[in-house]
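Working notes, structure below.
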Amino acid sequence: MTAYLVTGGSGYFGSLVVQRLAASGHRVRVLDLNDADDRPGGVELVVGDVRDRRVVREAVEGIDVVLNDVAQVPLAKDPDLLRSVNVDGTVNLLIAAHEAGVAKVVHTSSSAVFGAPESNPVRPDTVPAPMEAYGHAKLAAEWACLAAVRDGLDVSIVRPRTILGHGRLGIFGILFDWIADGRDPIVLGDGTNRYQFVHSDDLAEVCVRAGDRAGPSVLNVGTDRFSTMRETLQALCDHAGTGARVRSLPVGPASLAMEVGARLGLAPFAPYHWKMYSRSMWFDVEHLDEELGFTPRWSTDEMFAQSYDWFVANRDRSTDASASHHRRSAEQGALRVAKRLSGLLPVAR
């Protein structure tokens, strides 16, 4: 039986990892500021902040493998939090893990470290080039991980594409809300940009397998079956059967409107949204089979359909203000007006 610490184990993704490990009979401990209603019996909870060195030292005591899933998400829009949680918190954890003799750390990073890549597919050795605060913070955390490896700690870095799965809401809660009400989702431009996602179950499997594997690694994770943004959203509309159809807005004005709305606090966007929504990005995932014997289970269409169906079945719970960012739908703000007007836009071709 392996002893695991899952930081951020009360959040959307962390809780899935906790449940998977507990179901496999491992000893599991969570470090989080909050508890989760679905924390399995027998799973320990250390309530505290990853930026608190004393709490982190307590949390890693007696642990074999650390899965570092705590993160300050872009929607928080607080550069100090982005830096202190994602970077300083990771440094605290790495130092404590090294001092406690932890055998393995798996750090969940982000595809945001690549910004808008010059070419696709992105590979594990592609040079990162973030273009906004969140991506810069996640890259700095990766640098801390690489420094820890040089000091003798076994650390693997896992970079997921955009995460979906049952219970995953945030900005997707708005998309699902529109389609469920028969309102038309919007793409920027013609929507022919290819965009890759990853199911949370596939990501959890990669993280657990990485924790079982000795030796540092860098792993880029996404589905191997995906298409263009327009095709993806139209497939979801067809699955929902509400009459929604994908509409199109010109890239420049729409991106500017997203940015202005976000800066004025009128819309739930972060820089990555308006910079990347119209661009192509995908990972080469062949190395996952080579290093971990893993192939993705979920296609993009399958994960969108499952996530949407969960939203419809649990819609009354989707606005719980006490839930973490990804466990509740983002506040629509001025997008409520856009929702009513979406049918007036041109249909994407």
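Letters for chains follow the order of the structure tokens (A, B, ...), residue numbers begin at 1 for each chain, and ligand numbers begin at 1 in the order shown.
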Exercise. Which residues come within 12 Å of Gly89 in chain A, counting only C-alpha atoms, excluding same-chain residues fewer than 4 positions away, as number ranges by chain?
Worked result: A: 7-8, 31-32, 48-57, 68-72, 81-85, 93-96, 107, 137-138, 140-141, 144-145
How close does range 86-132 of chain A get to range 269-293 of chain A? List, as JSON lines, each residue of range 86-132 of chain A within 10 Å, its nearest atom pair and the distance in Å to one decimal, counting only C-alpha atoms.
{"residue": "A:Ser111", "atom": "CA", "partner": "A:Phe283", "partner_atom": "CA", "distance": 8.9}
{"residue": "A:Ala112", "atom": "CA", "partner": "A:Tyr272", "partner_atom": "CA", "distance": 7.6}
{"residue": "A:Phe114", "atom": "CA", "partner": "A:Met281", "partner_atom": "CA", "distance": 9.4}
{"residue": "A:Gly115", "atom": "CA", "partner": "A:Met276", "partner_atom": "CA", "distance": 7.9}
{"residue": "A:Ala116", "atom": "CA", "partner": "A:Met276", "partner_atom": "CA", "distance": 6.7}
{"residue": "A:Pro117", "atom": "CA", "partner": "A:Met281", "partner_atom": "CA", "distance": 7.1}
{"residue": "A:Glu118", "atom": "CA", "partner": "A:Met281", "partner_atom": "CA", "distance": 9.5}
{"residue": "A:Ser119", "atom": "CA", "partner": "A:Met281", "partner_atom": "CA", "distance": 8.2}
{"residue": "A:Asn120", "atom": "CA", "partner": "A:Trp282", "partner_atom": "CA", "distance": 6.2}
{"residue": "A:Pro121", "atom": "CA", "partner": "A:Phe283", "partner_atom": "CA", "distance": 5.0}
{"residue": "A:Val122", "atom": "CA", "partner": "A:Phe283", "partner_atom": "CA", "distance": 4.6}
{"residue": "A:Arg123", "atom": "CA", "partner": "A:Asp284", "partner_atom": "CA", "distance": 5.5}
{"residue": "A:Pro124", "atom": "CA", "partner": "A:Asp284", "partner_atom": "CA", "distance": 8.2}
{"residue": "A:Pro130", "atom": "CA", "partner": "A:Tyr272", "partner_atom": "CA", "distance": 9.7}
{"residue": "A:Met131", "atom": "CA", "partner": "A:Tyr272", "partner_atom": "CA", "distance": 8.0}
{"residue": "A:Glu132", "atom": "CA", "partner": "A:Pro271", "partner_atom": "CA", "distance": 6.4}
I need the residues from that last selection saved to file as a short mmCIF file (atom, residue, chain, number, x, y, z; two decimals), in the first residue's frame (with N, CA, C and O atoms), if you can.
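Once written, result05.cif looks like this:
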data_model
loop_
_atom_site.label_atom_id
_atom_site.label_comp_id
_atom_site.auth_asym_id
_atom_site.auth_seq_id
_atom_site.Cartn_x
_atom_site.Cartn_y
_atom_site.Cartn_z
N SER A 111 -0.95 23.35 -20.25
CA SER A 111 -0.55 23.63 -21.63
C SER A 111 -0.37 25.13 -21.87
O SER A 111 0.19 25.54 -22.90
N ALA A 112 -0.81 25.95 -20.90
CA ALA A 112 -0.64 27.40 -21.03
C ALA A 112 0.82 27.81 -21.05
O ALA A 112 1.15 28.93 -21.44
N PHE A 114 2.85 26.94 -23.12
CA PHE A 114 3.25 27.05 -24.52
C PHE A 114 2.63 28.25 -25.23
O PHE A 114 2.97 28.53 -26.38
N GLY A 115 1.72 28.96 -24.56
CA GLY A 115 1.08 30.08 -25.21
C GLY A 115 0.43 29.65 -26.51
O GLY A 115 -0.27 28.64 -26.56
N ALA A 116 0.65 30.42 -27.57
CA ALA A 116 0.17 30.06 -28.90
C ALA A 116 1.36 29.51 -29.68
O ALA A 116 2.19 30.28 -30.19
N PRO A 117 1.51 28.20 -29.78
CA PRO A 117 2.71 27.63 -30.39
C PRO A 117 2.84 28.00 -31.86
O PRO A 117 1.85 28.17 -32.58
N GLU A 118 4.08 28.10 -32.33
CA GLU A 118 4.32 28.44 -33.72
C GLU A 118 3.91 27.33 -34.66
O GLU A 118 3.56 27.57 -35.82
N SER A 119 3.94 26.10 -34.17
CA SER A 119 3.53 24.96 -35.00
C SER A 119 2.97 23.87 -34.11
O SER A 119 3.22 23.82 -32.91
N ASN A 120 2.19 22.98 -34.72
CA ASN A 120 1.61 21.84 -34.03
C ASN A 120 2.02 20.56 -34.76
O ASN A 120 2.25 20.59 -35.97
N PRO A 121 2.10 19.42 -34.07
CA PRO A 121 1.77 19.25 -32.66
C PRO A 121 2.90 19.71 -31.74
O PRO A 121 4.07 19.76 -32.13
N VAL A 122 2.53 20.03 -30.52
CA VAL A 122 3.49 20.37 -29.47
C VAL A 122 4.02 19.08 -28.87
O VAL A 122 3.26 18.16 -28.56
N ARG A 123 5.33 19.01 -28.69
CA ARG A 123 5.96 17.81 -28.15
C ARG A 123 6.56 18.11 -26.77
O ARG A 123 6.72 19.29 -26.40
N PRO A 124 6.91 17.08 -26.00
CA PRO A 124 7.48 17.33 -24.67
C PRO A 124 8.72 18.20 -24.68
O PRO A 124 9.00 18.91 -23.70
N PRO A 130 5.04 31.04 -22.76
CA PRO A 130 3.75 31.53 -22.26
C PRO A 130 3.50 32.98 -22.67
O PRO A 130 4.44 33.73 -22.93
N MET A 131 2.21 33.35 -22.71
CA MET A 131 1.89 34.70 -23.18
C MET A 131 0.98 35.46 -22.22
O MET A 131 0.48 36.52 -22.56
N GLU A 132 0.75 34.91 -21.03
CA GLU A 132 -0.05 35.62 -20.03
C GLU A 132 0.39 35.15 -18.65
O GLU A 132 1.20 34.23 -18.51
#
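Using only C-alpha atoms, the smallest distance between any of A:Leu256, A:Leu266, A:Val91, A:Leu219 and Gln332 in chain A comes from A:Leu266.
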Exercise. Can you list, as number ranges by chain, every residue of range 161-256 of chain A that DSSP puts in strand (DSSP E or B)?
Worked result: A: 162-164, 170, 186-188, 194-195, 197-199, 217-221, 228, 247-249
With N, CA and C atoms retained, write the just-selected residues as a PDB file, in the first residue's frame.
ATOM      1  N   THR A 162      -6.862  21.300 -22.263  1.00  0.00           N
ATOM      2  CA  THR A 162      -8.043  21.778 -21.550  1.00  0.00           C
ATOM      3  C   THR A 162      -8.868  20.597 -21.044  1.00  0.00           C
ATOM      4  N   ILE A 163      -9.193  20.626 -19.745  1.00  0.00           N
ATOM      5  CA  ILE A 163      -9.797  19.462 -19.080  1.00  0.00           C
ATOM      6  C   ILE A 163     -11.313  19.496 -19.171  1.00  0.00           C
ATOM      7  N   LEU A 164     -11.889  18.340 -19.493  1.00  0.00           N
ATOM      8  CA  LEU A 164     -13.330  18.128 -19.459  1.00  0.00           C
ATOM      9  C   LEU A 164     -13.617  16.864 -18.672  1.00  0.00           C
ATOM     10  N   GLY A 170     -16.946  25.552 -14.573  1.00  0.00           N
ATOM     11  CA  GLY A 170     -16.199  26.753 -14.897  1.00  0.00           C
ATOM     12  C   GLY A 170     -16.776  27.413 -16.138  1.00  0.00           C
ATOM     13  N   ILE A 186     -20.825  30.191 -29.840  1.00  0.00           N
ATOM     14  CA  ILE A 186     -20.106  31.066 -30.758  1.00  0.00           C
ATOM     15  C   ILE A 186     -18.664  30.592 -30.923  1.00  0.00           C
ATOM     16  N   VAL A 187     -18.200  30.599 -32.167  1.00  0.00           N
ATOM     17  CA  VAL A 187     -16.783  30.424 -32.453  1.00  0.00           C
ATOM     18  C   VAL A 187     -16.241  31.746 -32.988  1.00  0.00           C
ATOM     19  N   LEU A 188     -14.945  31.914 -32.902  1.00  0.00           N
ATOM     20  CA  LEU A 188     -14.310  33.112 -33.449  1.00  0.00           C
ATOM     21  C   LEU A 188     -13.737  32.773 -34.819  1.00  0.00           C
ATOM     22  N   ARG A 194      -8.009  23.678 -35.024  1.00  0.00           N
ATOM     23  CA  ARG A 194      -8.046  22.362 -34.350  1.00  0.00           C
ATOM     24  C   ARG A 194      -7.667  22.551 -32.892  1.00  0.00           C
ATOM     25  N   TYR A 195      -8.475  21.987 -32.010  1.00  0.00           N
ATOM     26  CA  TYR A 195      -8.289  22.232 -30.579  1.00  0.00           C
ATOM     27  C   TYR A 195      -8.493  20.927 -29.820  1.00  0.00           C
ATOM     28  N   PHE A 197      -8.610  18.510 -26.294  1.00  0.00           N
ATOM     29  CA  PHE A 197      -9.011  18.491 -24.893  1.00  0.00           C
ATOM     30  C   PHE A 197      -8.514  17.194 -24.257  1.00  0.00           C
ATOM     31  N   VAL A 198      -8.715  17.069 -22.945  1.00  0.00           N
ATOM     32  CA  VAL A 198      -8.384  15.825 -22.255  1.00  0.00           C
ATOM     33  C   VAL A 198      -9.473  15.552 -21.219  1.00  0.00           C
ATOM     34  N   HIS A 199      -9.876  14.290 -21.129  1.00  0.00           N
ATOM     35  CA  HIS A 199     -10.856  13.915 -20.110  1.00  0.00           C
ATOM     36  C   HIS A 199     -10.155  13.790 -18.761  1.00  0.00           C
ATOM     37  N   SER A 217      10.283  12.827 -15.678  1.00  0.00           N
ATOM     38  CA  SER A 217       9.756  12.836 -17.046  1.00  0.00           C
ATOM     39  C   SER A 217       8.915  14.082 -17.243  1.00  0.00           C
ATOM     40  N   VAL A 218       8.662  14.407 -18.501  1.00  0.00           N
ATOM     41  CA  VAL A 218       7.747  15.481 -18.879  1.00  0.00           C
ATOM     42  C   VAL A 218       6.719  14.869 -19.806  1.00  0.00           C
ATOM     43  N   LEU A 219       5.438  14.981 -19.436  1.00  0.00           N
ATOM     44  CA  LEU A 219       4.365  14.284 -20.129  1.00  0.00           C
ATOM     45  C   LEU A 219       3.292  15.273 -20.561  1.00  0.00           C
ATOM     46  N   ASN A 220       3.017  15.326 -21.856  1.00  0.00           N
ATOM     47  CA  ASN A 220       1.944  16.159 -22.399  1.00  0.00           C
ATOM     48  C   ASN A 220       0.725  15.276 -22.641  1.00  0.00           C
ATOM     49  N   VAL A 221      -0.424  15.674 -22.108  1.00  0.00           N
ATOM     50  CA  VAL A 221      -1.581  14.780 -22.099  1.00  0.00           C
ATOM     51  C   VAL A 221      -2.773  15.409 -22.806  1.00  0.00           C
ATOM     52  N   THR A 228     -11.942  20.203 -35.294  1.00  0.00           N
ATOM     53  CA  THR A 228     -11.925  21.659 -35.216  1.00  0.00           C
ATOM     54  C   THR A 228     -12.884  22.134 -34.127  1.00  0.00           C
ATOM     55  N   ARG A 247     -22.573  29.558 -34.191  1.00  0.00           N
ATOM     56  CA  ARG A 247     -22.537  30.857 -34.857  1.00  0.00           C
ATOM     57  C   ARG A 247     -21.115  31.405 -34.849  1.00  0.00           C
ATOM     58  N   SER A 248     -20.884  32.400 -35.672  1.00  0.00           N
ATOM     59  CA  SER A 248     -19.529  32.904 -35.872  1.00  0.00           C
ATOM     60  C   SER A 248     -19.439  34.398 -35.624  1.00  0.00           C
ATOM     61  N   LEU A 249     -18.318  34.812 -35.017  1.00  0.00           N
ATOM     62  CA  LEU A 249     -17.983  36.225 -34.845  1.00  0.00           C
ATOM     63  C   LEU A 249     -16.582  36.465 -35.397  1.00  0.00           C
TER      64      LEU A 249
END
Exercise. Can you tell me, as a ChimeraX atom specification, what residues are no more than 8 Å from range 337-340 of chain A when counting only C-alpha atoms, ignoring any on the same chain fewer than 5 positions away?
Worked result: /A:178,183-184
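For the residues A:Gly343, A:Pro74, A:Pro79, A:Gly9, ranking by smallest atom-to-atom distance to Leu45 in chain A using only C-alpha atoms places A:Gly9 first.
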Fewer than 5 positions away in the same chain doesn't count, so skip those; otherwise give me all residues within 7 Å of Gly211 in chain A, counting only C-alpha atoms, as an mmCIF file with N, CA, C and O atoms, in the first residue's frame.
data_model
loop_
_atom_site.group_PDB
_atom_site.id
_atom_site.type_symbol
_atom_site.label_atom_id
_atom_site.label_comp_id
_atom_site.auth_asym_id
_atom_site.auth_seq_id
_atom_site.Cartn_x
_atom_site.Cartn_y
_atom_site.Cartn_z
ATOM 1 N N VAL A 65 4.341 9.217 -2.255
ATOM 2 C CA VAL A 65 4.135 9.894 -3.535
ATOM 3 C C VAL A 65 3.270 11.122 -3.325
ATOM 4 O O VAL A 65 2.212 11.042 -2.687
ATOM 5 N N LYS A 104 8.537 10.206 -4.812
ATOM 6 C CA LYS A 104 8.119 10.706 -6.114
ATOM 7 C C LYS A 104 7.167 11.881 -5.956
ATOM 8 O O LYS A 104 6.284 11.870 -5.101
ATOM 9 N N VAL A 105 7.329 12.884 -6.811
ATOM 10 C CA VAL A 105 6.392 14.006 -6.911
ATOM 11 C C VAL A 105 5.914 14.079 -8.358
ATOM 12 O O VAL A 105 6.736 14.038 -9.286
ATOM 13 N N VAL A 106 4.605 14.160 -8.542
ATOM 14 C CA VAL A 106 4.026 14.387 -9.864
ATOM 15 C C VAL A 106 3.360 15.753 -9.821
ATOM 16 O O VAL A 106 2.411 15.973 -9.074
#
For this session: Write out as a ChimeraX atom specification which residues come within 8 Å of range 14-28 of chain A when counting only C-alpha atoms, dropping same-chain ones fewer than 3 positions away.
Result: /A:1-11,36,38-40,42-44,69-70,200-201,204,208
Exercise. Can you list every residue in range 123-229 of chain A that DSSP puts in alpha helix (DSSP H), as number ranges by chain?
Worked result: A: 133-150, 171-180, 200-212, 229
Exercise. Between A:Ala97, A:Ala214, A:Leu335, A:Leu67, which one has atoms that come closest to Ile174 in chain A, using only C-alpha atoms?
Worked result: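 Of all the options, A:Leu335 lies closest to Ile174 in chain A.
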